[in-house]
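Scroll down for the structure; my scribbles are underneath it.
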Amino acid sequence: MIKVAVMLTLASKLKRDDGLKGSRASATASDSTRRVSVRDRLLVKDEGYYQGGKFQFETEVPDAYNMVPPKVRCLTRIWHPNITETGEICLSLLREHSIDGTGWAPTRTLKDVVWGLNSLFTDLLNFDDPLNIEAAEHHLRDKEDFRNKVEDYIKRYAR
């Protein structure tokens, strides 16, 4: 099993940013346009395709949170079936309306987002709805070559 360590937690960063912006934000922007952006790194440890990689994610928390999901983008270039090389992420819990019922709900938290990102690095057997079709087909076609490409990306972009 792969373990993911959050090097900087979203919740603590969010609280710090909110405290710093407080009155200044209300003077510079209306409440409906103010957003909080958080950048965090996930360190994949132990085993699996992405072990030893450090992947940075940007999380934008809109004012309508938690009625709407945060927007999350991977800032580290990665070869992954559910993350494009430009950082778009396919993760059902980040979908506002999900057919299968696993999408965003007001009861979800930023901690759920972190666990969801973790699942992208641990559940490589389920590519029912890949975002990066080329990477998913690569994995199905030649797992060893897929592993080599992932390792190359980690060496080049995720250290």
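Within each chain, counting starts at residue 1; across the structure tokens, chains are named A, B, ... in the order shown, with ligands numbered 1 upward in that order.
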Close residues, Tyr65 in chain A itself excluded, 12 Å, only C-alpha atoms, min 2 positions apart in chain, as a PyMOL selection string: chain A and resi 32+34-36+59-63+67-71+94+96+104-110
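Coordinates place CA of Asp145 in chain A at a distance of 19.4 Å from CA of Leu120 in chain A.
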Between A:Thr76, A:Asn148, A:Thr86, A:Thr122, which residue has the minimum interatomic distance to Gln56 in chain A, considering only C-alpha atoms?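 Of A:Thr76, A:Asn148, A:Thr86, A:Thr122, the one nearest Gln56 in chain A is A:Thr76, counting only C-alpha atoms.
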Extract, using only C-alpha atoms, all DNA, RNA and protein residues at most 10 Å from Arg159 in chain A, discarding same-chain residues fewer than 6 positions from it, and format them as number ranges by chain. A: 43, 52-55, 76, 153
What would the file look like if the residues just selected were written as a compact mmCIF listing (two decimals), in the first residue's frame with N, CA and C atoms?
# COMPACT_ATOMS: atom_id res chain seq x y z
N LEU A 43 3.74 13.85 -0.84
CA LEU A 43 4.93 13.03 -0.99
C LEU A 43 4.49 11.58 -0.99
N GLY A 52 8.36 8.07 -4.00
CA GLY A 52 9.44 9.05 -3.95
C GLY A 52 9.13 10.35 -4.66
N GLY A 53 8.00 10.44 -5.34
CA GLY A 53 7.66 11.67 -6.04
C GLY A 53 7.04 12.70 -5.11
N LYS A 54 7.32 13.96 -5.39
CA LYS A 54 6.72 15.07 -4.65
C LYS A 54 5.84 15.82 -5.64
N PHE A 55 4.56 15.81 -5.41
CA PHE A 55 3.61 16.37 -6.34
C PHE A 55 2.92 17.56 -5.70
N THR A 76 2.65 19.84 -10.72
CA THR A 76 3.81 19.03 -11.08
C THR A 76 3.46 18.23 -12.34
N TYR A 153 9.42 10.83 -15.43
CA TYR A 153 8.74 12.06 -15.06
C TYR A 153 9.07 12.44 -13.61
